[in-house]
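Have a look at the structure below, then the notes.
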Amino acid sequence: MKRRAGEREKELKKKKLLEELGENRLPYVTPADADFHQLWKTKYSKLVFRKSDTVPEELHQQVQESFLILRKHDCFFQDLVRIKGKDFLTPVSRILIGNPGCTYKYLNTRLFTVPWPTEGYDIKYCSPQIHDACKALIRLNEYLHIEAVKALQGQHLFETKEIKDTTVIDREQNFATSLTEKGSISKDQSSCVSEDDYVSLKNRTSYNLTLLNYMDPLQMLYLKQEPYFGMGNMAVSWHHDENLVERSTVAVYSYSCEDDLNMTHQHCVLAGFSPRFSSTHRVAECSRGTLEYIFRQCELALQNLQTDSDSMALSLKSLEAAVVKQVEEIHNEVEFEWLRQFWFQGKRYLKCTDWWLKPMAKLEEFWKKMEIMTSLVLSEVGKEEQIEEQRNETISCFLLVLTERQKLRKEWTARVTLQGGMLPYCAYVVRSIDNSLMGSMREEWYHLKCPEVFLVSLTVWAVLLAGVPCEWVPMVLPFSHPILPC
């Protein structure tokens with residue numbers, strides 16, 4: 001709620017500014033202007049620039065070759081993102097490369113890393129060239145990490161000296177030099193940073209992934225004009241980078257955004273005129289965005305499912321409202337934050353590696369069990385022996401999660417329709433419930449080649465069996481399809 005209010009406030013401020021500007025534009029400075037470095041020093045001190053000749057030539061060559069290899073193998077894709085409830089294809093094409101099992105979410109679209117070579121992981125690439133490209137990018141990642149730590153140490157040193165020294169000789173000249181040279185810090189200088197601060201610097205620069213971008217302005221139609229300064233077409237509008245660790249740096253293979261600059265300043269990408277690549281290295285906030293995390297969530301949910309040792313019948317350990325709510329929220333998370341997000345993007349990842357297929361198959365198995373758990377809840381709440389107060393509490397919280405699930409399924413149907421032909425071979429899940437077995441279920445799973453990517457649950461049958469009021473039915477009714485008895 002607070003985030004939405006903040007977004008509305010920003011939009012109102014933008015609208016007001018544009019109205020005040022009318023046909024005019026805000027002034028801006030370039031390096032050719034006399035006060036450029038003074039403004040950089042006072043307002044943008046956390047924007048650090050390194051000349052290209054400070055990067056080892058061998059690394060330059062490897063990285064540039066990796067861009068071309070990935071482009072040659074058609075590994076760059078436009079993303080379908082959601083902005084203010086509407087879906088748009090990004091003008092810029094992208095690929096995410098990083099730590100195995102990591103994801104990065106922006107504008108309601110979750111990207112899955114093509115894993116770079118990592119010790120302890122068996123990663124099979126589609127070609128030796130793609131392996132080499134990913135290896136070059138992790139080398140670049142390590143280099144940028146080291147350079148970012150040096151830059152932050154240098155910044156800390158200047159801030160400390162500025163406080164302690166009553167006289168600062170040619171501060172502007174020293175500052176500009178520090179931003180444009182190699183920025184190496186001697187042992188004596190680095191000792192000015194405390195051990196805790198040094199650990200913090202390392203954590204804020206430990207990039208776990210890079211978002212690679214490719215754009216060809218001549219092939220990018222319907223670009224927006226930069227609205228405030230009159231700078232021409234934009235490939236990416238003004239924005240803050242999302243889903244990053246607080247105060248972490250963003251290192252780009254051309255510029256670096258230090259400390260909290262991304263939080264306090266927006267940036268845009270001008271389209272220009274020539275095709276070009278970039279590699280943007282980030283410390284993604286992955287507390288809820290790794291395979292390790294979502295597998296833990298699934299294991300937590302499935303603790304409420306038990307199997308009878310004699311009949312092998314499945315049942316729930318608890319119908320407490322809090323337990324049911326937690327399980328169903330994890331159910332939604334697996335479906336809408338992982339399965340749909342992954343398959344929605346088609347077979348793009350198979351251009352590089354099949355690494356994600358096994359964990360996604362494992363997640364789908366977890367999801368199937370949680371679908372069973374949903375039906376078991378519906379079946380149990382209809383039994384007469386349930387205490388009415390507990391039953392009503394369970395139904396109330398359960399209904400909220402089911403309502404959200406149905407809403408999200410409708411949204412995803414709309415996104416799938418817009419995305420059209422990019423969709424993969426996917427799983428439809430059809431459940432038949434055998435009434436003669438007193439509500440226990442016989443599962444039949446079908447794989448169909450279909451133009452929609454959403455996983456169907458026929459919980460409506462369980463609703464009817466459980467004797468739940470008819471007004472609930474639209475909230476759990478699956479989407480229409482010829483094979484479903486809707």
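The chains in the structure tokens are called A, B, ... from first to last as shown; in each chain the residues are counted from 1, and the ligands are counted from 1 in the order shown.
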
- Message: as a ChimeraX atom specification, please: every residue in range 81-159 of chain A that DSSP puts in strand (DSSP E or B).
- Response: /A:81-83,86-98,102-106,109-112,114-115,125

Suppose we keep N, CA and C atoms; can you now write the selection as a PDB file, in the first residue's frame?
ATOM      1  N   VAL A  81       7.080  -6.989 -19.925  1.00  0.00           N
ATOM      2  CA  VAL A  81       7.021  -6.459 -18.568  1.00  0.00           C
ATOM      3  C   VAL A  81       5.666  -5.797 -18.344  1.00  0.00           C
ATOM      4  N   ARG A  82       5.320  -5.627 -17.075  1.00  0.00           N
ATOM      5  CA  ARG A  82       4.033  -5.023 -16.711  1.00  0.00           C
ATOM      6  C   ARG A  82       4.280  -3.691 -16.014  1.00  0.00           C
ATOM      7  N   ILE A  83       3.729  -2.627 -16.584  1.00  0.00           N
ATOM      8  CA  ILE A  83       3.853  -1.289 -16.030  1.00  0.00           C
ATOM      9  C   ILE A  83       2.460  -0.703 -15.869  1.00  0.00           C
ATOM     10  N   LYS A  86      -0.399  -2.669 -17.375  1.00  0.00           N
ATOM     11  CA  LYS A  86      -0.374  -2.951 -18.809  1.00  0.00           C
ATOM     12  C   LYS A  86       0.936  -3.634 -19.172  1.00  0.00           C
ATOM     13  N   ASP A  87       0.878  -4.491 -20.191  1.00  0.00           N
ATOM     14  CA  ASP A  87       2.048  -5.261 -20.606  1.00  0.00           C
ATOM     15  C   ASP A  87       2.726  -4.605 -21.804  1.00  0.00           C
ATOM     16  N   PHE A  88       4.053  -4.573 -21.769  1.00  0.00           N
ATOM     17  CA  PHE A  88       4.846  -3.983 -22.847  1.00  0.00           C
ATOM     18  C   PHE A  88       6.059  -4.854 -23.127  1.00  0.00           C
ATOM     19  N   LEU A  89       6.450  -4.917 -24.385  1.00  0.00           N
ATOM     20  CA  LEU A  89       7.719  -5.546 -24.751  1.00  0.00           C
ATOM     21  C   LEU A  89       8.817  -4.505 -24.634  1.00  0.00           C
ATOM     22  N   THR A  90       9.908  -4.858 -23.975  1.00  0.00           N
ATOM     23  CA  THR A  90      11.010  -3.910 -23.829  1.00  0.00           C
ATOM     24  C   THR A  90      11.685  -3.678 -25.177  1.00  0.00           C
ATOM     25  N   PRO A  91      12.038  -2.433 -25.504  1.00  0.00           N
ATOM     26  CA  PRO A  91      12.781  -2.180 -26.740  1.00  0.00           C
ATOM     27  C   PRO A  91      14.151  -2.848 -26.724  1.00  0.00           C
ATOM     28  N   VAL A  92      14.768  -2.900 -25.525  1.00  0.00           N
ATOM     29  CA  VAL A  92      16.097  -3.491 -25.371  1.00  0.00           C
ATOM     30  C   VAL A  92      15.971  -5.003 -25.180  1.00  0.00           C
ATOM     31  N   SER A  93      16.869  -5.761 -25.809  1.00  0.00           N
ATOM     32  CA  SER A  93      16.907  -7.218 -25.630  1.00  0.00           C
ATOM     33  C   SER A  93      17.911  -7.566 -24.543  1.00  0.00           C
ATOM     34  N   ARG A  94      17.602  -8.624 -23.765  1.00  0.00           N
ATOM     35  CA  ARG A  94      18.406  -8.896 -22.582  1.00  0.00           C
ATOM     36  C   ARG A  94      18.653 -10.387 -22.384  1.00  0.00           C
ATOM     37  N   ILE A  95      19.657 -10.674 -21.574  1.00  0.00           N
ATOM     38  CA  ILE A  95      19.888 -12.016 -21.059  1.00  0.00           C
ATOM     39  C   ILE A  95      20.508 -11.862 -19.676  1.00  0.00           C
ATOM     40  N   LEU A  96      20.091 -12.700 -18.730  1.00  0.00           N
ATOM     41  CA  LEU A  96      20.596 -12.658 -17.362  1.00  0.00           C
ATOM     42  C   LEU A  96      21.583 -13.803 -17.160  1.00  0.00           C
ATOM     43  N   ILE A  97      22.783 -13.490 -16.704  1.00  0.00           N
ATOM     44  CA  ILE A  97      23.813 -14.493 -16.451  1.00  0.00           C
ATOM     45  C   ILE A  97      24.320 -14.289 -15.025  1.00  0.00           C
ATOM     46  N   GLY A  98      24.484 -15.374 -14.269  1.00  0.00           N
ATOM     47  CA  GLY A  98      24.931 -15.186 -12.896  1.00  0.00           C
ATOM     48  C   GLY A  98      25.038 -16.467 -12.111  1.00  0.00           C
ATOM     49  N   CYS A 102      19.934 -18.356  -9.140  1.00  0.00           N
ATOM     50  CA  CYS A 102      19.513 -16.986  -8.818  1.00  0.00           C
ATOM     51  C   CYS A 102      18.505 -16.482  -9.850  1.00  0.00           C
ATOM     52  N   THR A 103      17.652 -15.570  -9.413  1.00  0.00           N
ATOM     53  CA  THR A 103      16.717 -14.911 -10.320  1.00  0.00           C
ATOM     54  C   THR A 103      16.770 -13.409 -10.059  1.00  0.00           C
ATOM     55  N   TYR A 104      16.243 -12.655 -11.010  1.00  0.00           N
ATOM     56  CA  TYR A 104      16.174 -11.200 -10.860  1.00  0.00           C
ATOM     57  C   TYR A 104      14.825 -10.745 -11.388  1.00  0.00           C
ATOM     58  N   LYS A 105      14.070 -10.040 -10.547  1.00  0.00           N
ATOM     59  CA  LYS A 105      12.727  -9.621 -10.936  1.00  0.00           C
ATOM     60  C   LYS A 105      12.673  -8.111 -11.125  1.00  0.00           C
ATOM     61  N   TYR A 106      12.126  -7.710 -12.248  1.00  0.00           N
ATOM     62  CA  TYR A 106      11.894  -6.285 -12.475  1.00  0.00           C
ATOM     63  C   TYR A 106      10.614  -6.127 -13.279  1.00  0.00           C
ATOM     64  N   THR A 109       8.335  -9.123 -13.950  1.00  0.00           N
ATOM     65  CA  THR A 109       8.852 -10.251 -14.742  1.00  0.00           C
ATOM     66  C   THR A 109      10.104 -10.794 -14.061  1.00  0.00           C
ATOM     67  N   ARG A 110      10.104 -12.092 -13.797  1.00  0.00           N
ATOM     68  CA  ARG A 110      11.252 -12.742 -13.156  1.00  0.00           C
ATOM     69  C   ARG A 110      12.137 -13.367 -14.234  1.00  0.00           C
ATOM     70  N   LEU A 111      13.389 -12.960 -14.252  1.00  0.00           N
ATOM     71  CA  LEU A 111      14.374 -13.550 -15.155  1.00  0.00           C
ATOM     72  C   LEU A 111      15.181 -14.594 -14.388  1.00  0.00           C
ATOM     73  N   PHE A 112      15.571 -15.645 -15.084  1.00  0.00           N
ATOM     74  CA  PHE A 112      16.312 -16.754 -14.479  1.00  0.00           C
ATOM     75  C   PHE A 112      17.727 -16.762 -15.054  1.00  0.00           C
ATOM     76  N   VAL A 114      21.166 -17.595 -16.639  1.00  0.00           N
ATOM     77  CA  VAL A 114      21.974 -18.620 -17.292  1.00  0.00           C
ATOM     78  C   VAL A 114      23.214 -18.734 -16.411  1.00  0.00           C
ATOM     79  N   PRO A 115      23.421 -19.868 -15.759  1.00  0.00           N
ATOM     80  CA  PRO A 115      24.508 -19.928 -14.751  1.00  0.00           C
ATOM     81  C   PRO A 115      25.887 -19.824 -15.394  1.00  0.00           C
ATOM     82  N   TYR A 125      26.461 -26.590 -21.170  1.00  0.00           N
ATOM     83  CA  TYR A 125      26.119 -25.520 -22.097  1.00  0.00           C
ATOM     84  C   TYR A 125      25.846 -26.098 -23.482  1.00  0.00           C
TER      85      TYR A 125
END

Which range 7-57 of chain A residues have any atom within 12 Å of an atom of range 142-159 of chain A, and for each, what is the nearest pair of atoms with distance in Å to one decimal, counting only C-alpha atoms, rows sorted by chain and number, as a tab-separated table?
residue	atom	partner	partner_atom	distance
A:Lys41	CA	A:Gln155	CA	11.2
A:Ser45	CA	A:Gln155	CA	8.5
A:Lys46	CA	A:Gln155	CA	8.2
A:Leu47	CA	A:Ala151	CA	10.1
A:Val48	CA	A:Ala151	CA	7.5
A:Phe49	CA	A:Ala151	CA	9.7
A:Arg50	CA	A:Glu147	CA	9.4
A:Thr54	CA	A:Glu147	CA	10.4
A:Val55	CA	A:Tyr143	CA	8.7
A:Pro56	CA	A:Tyr143	CA	9.5

- Atomic distance CA of Pro117 in chain A - CA of Tyr349 in chain A, expressed in Å with one decimal: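 Value for the CA of Pro117 in chain A-CA of Tyr349 in chain A distance: 15.5 Å.
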
Please list as a PDB file with N, CA and C atoms, in the first residue's frame every residue within 12 Å of Asn332 in chain A, counting only C-alpha atoms and excluding residues in the same chain fewer than 6 positions away.
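Once everything was written out, this is around_5.pdb:
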ATOM      1  N   ILE A 294      13.048 -21.198  -2.532  1.00  0.00           N
ATOM      2  CA  ILE A 294      11.717 -21.701  -2.886  1.00  0.00           C
ATOM      3  C   ILE A 294      11.587 -23.185  -2.552  1.00  0.00           C
ATOM      4  N   GLN A 297      10.656 -23.296   1.030  1.00  0.00           N
ATOM      5  CA  GLN A 297       9.250 -22.957   1.176  1.00  0.00           C
ATOM      6  C   GLN A 297       8.360 -24.164   0.879  1.00  0.00           C
ATOM      7  N   CYS A 298       8.694 -24.886  -0.174  1.00  0.00           N
ATOM      8  CA  CYS A 298       7.907 -26.066  -0.541  1.00  0.00           C
ATOM      9  C   CYS A 298       7.974 -27.127   0.551  1.00  0.00           C
ATOM     10  N   ALA A 301       5.727 -26.162   3.365  1.00  0.00           N
ATOM     11  CA  ALA A 301       4.307 -26.387   3.070  1.00  0.00           C
ATOM     12  C   ALA A 301       3.948 -27.866   3.151  1.00  0.00           C
ATOM     13  N   LYS A 325      -3.388 -21.187   5.662  1.00  0.00           N
ATOM     14  CA  LYS A 325      -3.062 -19.933   4.974  1.00  0.00           C
ATOM     15  C   LYS A 325      -1.618 -19.935   4.500  1.00  0.00           C
ATOM     16  N   GLN A 326      -0.706 -20.376   5.362  1.00  0.00           N
ATOM     17  CA  GLN A 326       0.708 -20.408   4.997  1.00  0.00           C
ATOM     18  C   GLN A 326       0.956 -21.332   3.807  1.00  0.00           C
ATOM     19  N   TRP A 338       7.206 -18.549  -9.878  1.00  0.00           N
ATOM     20  CA  TRP A 338       8.214 -19.455 -10.417  1.00  0.00           C
ATOM     21  C   TRP A 338       7.745 -20.211 -11.654  1.00  0.00           C
ATOM     22  N   LEU A 339       6.749 -21.094 -11.522  1.00  0.00           N
ATOM     23  CA  LEU A 339       6.367 -21.923 -12.666  1.00  0.00           C
ATOM     24  C   LEU A 339       5.868 -21.096 -13.849  1.00  0.00           C
ATOM     25  N   ARG A 340       4.911 -20.223 -13.596  1.00  0.00           N
ATOM     26  CA  ARG A 340       4.381 -19.423 -14.697  1.00  0.00           C
ATOM     27  C   ARG A 340       5.434 -18.466 -15.242  1.00  0.00           C
ATOM     28  N   PHE A 366       6.262 -30.481  -6.582  1.00  0.00           N
ATOM     29  CA  PHE A 366       5.822 -29.863  -5.324  1.00  0.00           C
ATOM     30  C   PHE A 366       4.465 -29.189  -5.514  1.00  0.00           C
ATOM     31  N   TRP A 367       4.323 -28.490  -6.631  1.00  0.00           N
ATOM     32  CA  TRP A 367       3.069 -27.779  -6.924  1.00  0.00           C
ATOM     33  C   TRP A 367       1.895 -28.752  -7.015  1.00  0.00           C
ATOM     34  N   LYS A 368       2.112 -29.880  -7.659  1.00  0.00           N
ATOM     35  CA  LYS A 368       1.047 -30.877  -7.779  1.00  0.00           C
ATOM     36  C   LYS A 368       0.576 -31.341  -6.400  1.00  0.00           C
ATOM     37  N   MET A 370       0.755 -29.638  -3.671  1.00  0.00           N
ATOM     38  CA  MET A 370       0.021 -28.544  -3.035  1.00  0.00           C
ATOM     39  C   MET A 370      -1.373 -28.385  -3.625  1.00  0.00           C
ATOM     40  N   GLU A 371      -1.560 -28.739  -4.894  1.00  0.00           N
ATOM     41  CA  GLU A 371      -2.900 -28.772  -5.483  1.00  0.00           C
ATOM     42  C   GLU A 371      -3.758 -29.818  -4.766  1.00  0.00           C
ATOM     43  N   THR A 374      -4.842 -28.420  -1.494  1.00  0.00           N
ATOM     44  CA  THR A 374      -5.969 -27.489  -1.651  1.00  0.00           C
ATOM     45  C   THR A 374      -7.281 -28.251  -1.670  1.00  0.00           C
ATOM     46  N   PHE A 398      -8.838 -19.156   3.856  1.00  0.00           N
ATOM     47  CA  PHE A 398      -8.656 -19.967   2.650  1.00  0.00           C
ATOM     48  C   PHE A 398      -9.275 -19.267   1.442  1.00  0.00           C
ATOM     49  N   LEU A 400      -9.679 -16.084   0.933  1.00  0.00           N
ATOM     50  CA  LEU A 400      -8.871 -14.939   0.510  1.00  0.00           C
ATOM     51  C   LEU A 400      -7.750 -15.360  -0.435  1.00  0.00           C
ATOM     52  N   VAL A 401      -7.086 -16.474  -0.086  1.00  0.00           N
ATOM     53  CA  VAL A 401      -5.970 -16.936  -0.919  1.00  0.00           C
ATOM     54  C   VAL A 401      -6.478 -17.474  -2.249  1.00  0.00           C
ATOM     55  N   LEU A 402      -7.620 -18.194  -2.225  1.00  0.00           N
ATOM     56  CA  LEU A 402      -8.193 -18.707  -3.472  1.00  0.00           C
ATOM     57  C   LEU A 402      -8.642 -17.569  -4.384  1.00  0.00           C
ATOM     58  N   THR A 403      -9.183 -16.514  -3.798  1.00  0.00           N
ATOM     59  CA  THR A 403      -9.610 -15.364  -4.587  1.00  0.00           C
ATOM     60  C   THR A 403      -8.414 -14.721  -5.274  1.00  0.00           C
ATOM     61  N   GLU A 404      -7.326 -14.578  -4.520  1.00  0.00           N
ATOM     62  CA  GLU A 404      -6.105 -14.030  -5.102  1.00  0.00           C
ATOM     63  C   GLU A 404      -5.566 -14.928  -6.205  1.00  0.00           C
ATOM     64  N   ARG A 405      -5.660 -16.226  -6.005  1.00  0.00           N
ATOM     65  CA  ARG A 405      -5.171 -17.181  -7.016  1.00  0.00           C
ATOM     66  C   ARG A 405      -5.953 -17.046  -8.316  1.00  0.00           C
ATOM     67  N   GLN A 406      -7.275 -16.948  -8.187  1.00  0.00           N
ATOM     68  CA  GLN A 406      -8.097 -16.819  -9.385  1.00  0.00           C
ATOM     69  C   GLN A 406      -7.816 -15.503 -10.110  1.00  0.00           C
ATOM     70  N   LYS A 407      -7.631 -14.431  -9.353  1.00  0.00           N
ATOM     71  CA  LYS A 407      -7.320 -13.124  -9.941  1.00  0.00           C
ATOM     72  C   LYS A 407      -6.014 -13.188 -10.724  1.00  0.00           C
ATOM     73  N   LEU A 408      -4.994 -13.812 -10.109  1.00  0.00           N
ATOM     74  CA  LEU A 408      -3.695 -13.909 -10.765  1.00  0.00           C
ATOM     75  C   LEU A 408      -3.753 -14.805 -12.000  1.00  0.00           C
ATOM     76  N   ARG A 409      -4.564 -15.862 -11.954  1.00  0.00           N
ATOM     77  CA  ARG A 409      -4.687 -16.728 -13.123  1.00  0.00           C
ATOM     78  C   ARG A 409      -5.314 -15.985 -14.289  1.00  0.00           C
ATOM     79  N   LEU A 455      -1.413 -23.565 -15.338  1.00  0.00           N
ATOM     80  CA  LEU A 455      -1.621 -24.903 -14.804  1.00  0.00           C
ATOM     81  C   LEU A 455      -3.002 -24.944 -14.179  1.00  0.00           C
TER      82      LEU A 455
END

- Query: Residues at most 8 Å from range 274-287 of chain A, counting only C-alpha atoms, excluding those fewer than 5 positions away in the same chain, as a PyMOL selection string?
  - Reply: chain A and resi 67+102-104+141+204-218+243-245+248-254+293

- Near Thr353 in chain A, counting only C-alpha atoms, which residues have an atom at most 10 Å away, once you skip same-chain residues fewer than 3 positions from it, shown as a PyMOL selection string? chain A and resi 114-115+123-127+130-131+348-350+356-357

- Item | DSSP helix (DSSP H, G or I) residues within range 268-426 of chain A, as a ChimeraX atom specification | /A:291-302,321-344,348-351,357-380,388-422

- Query: Near range 313-316 of chain A, counting only C-alpha atoms, which residues have an atom at most 9 Å away, once you skip same-chain residues fewer than 6 positions from it, shown as a ChimeraX atom specification?
  - Reply: /A:304-307,372-373,376-377,380,440-441

- Message: To one decimal place in Å, what is the distance between CA of Glu329 in chain A and CA of Leu300 in chain A?
- Response: 11.5 Å
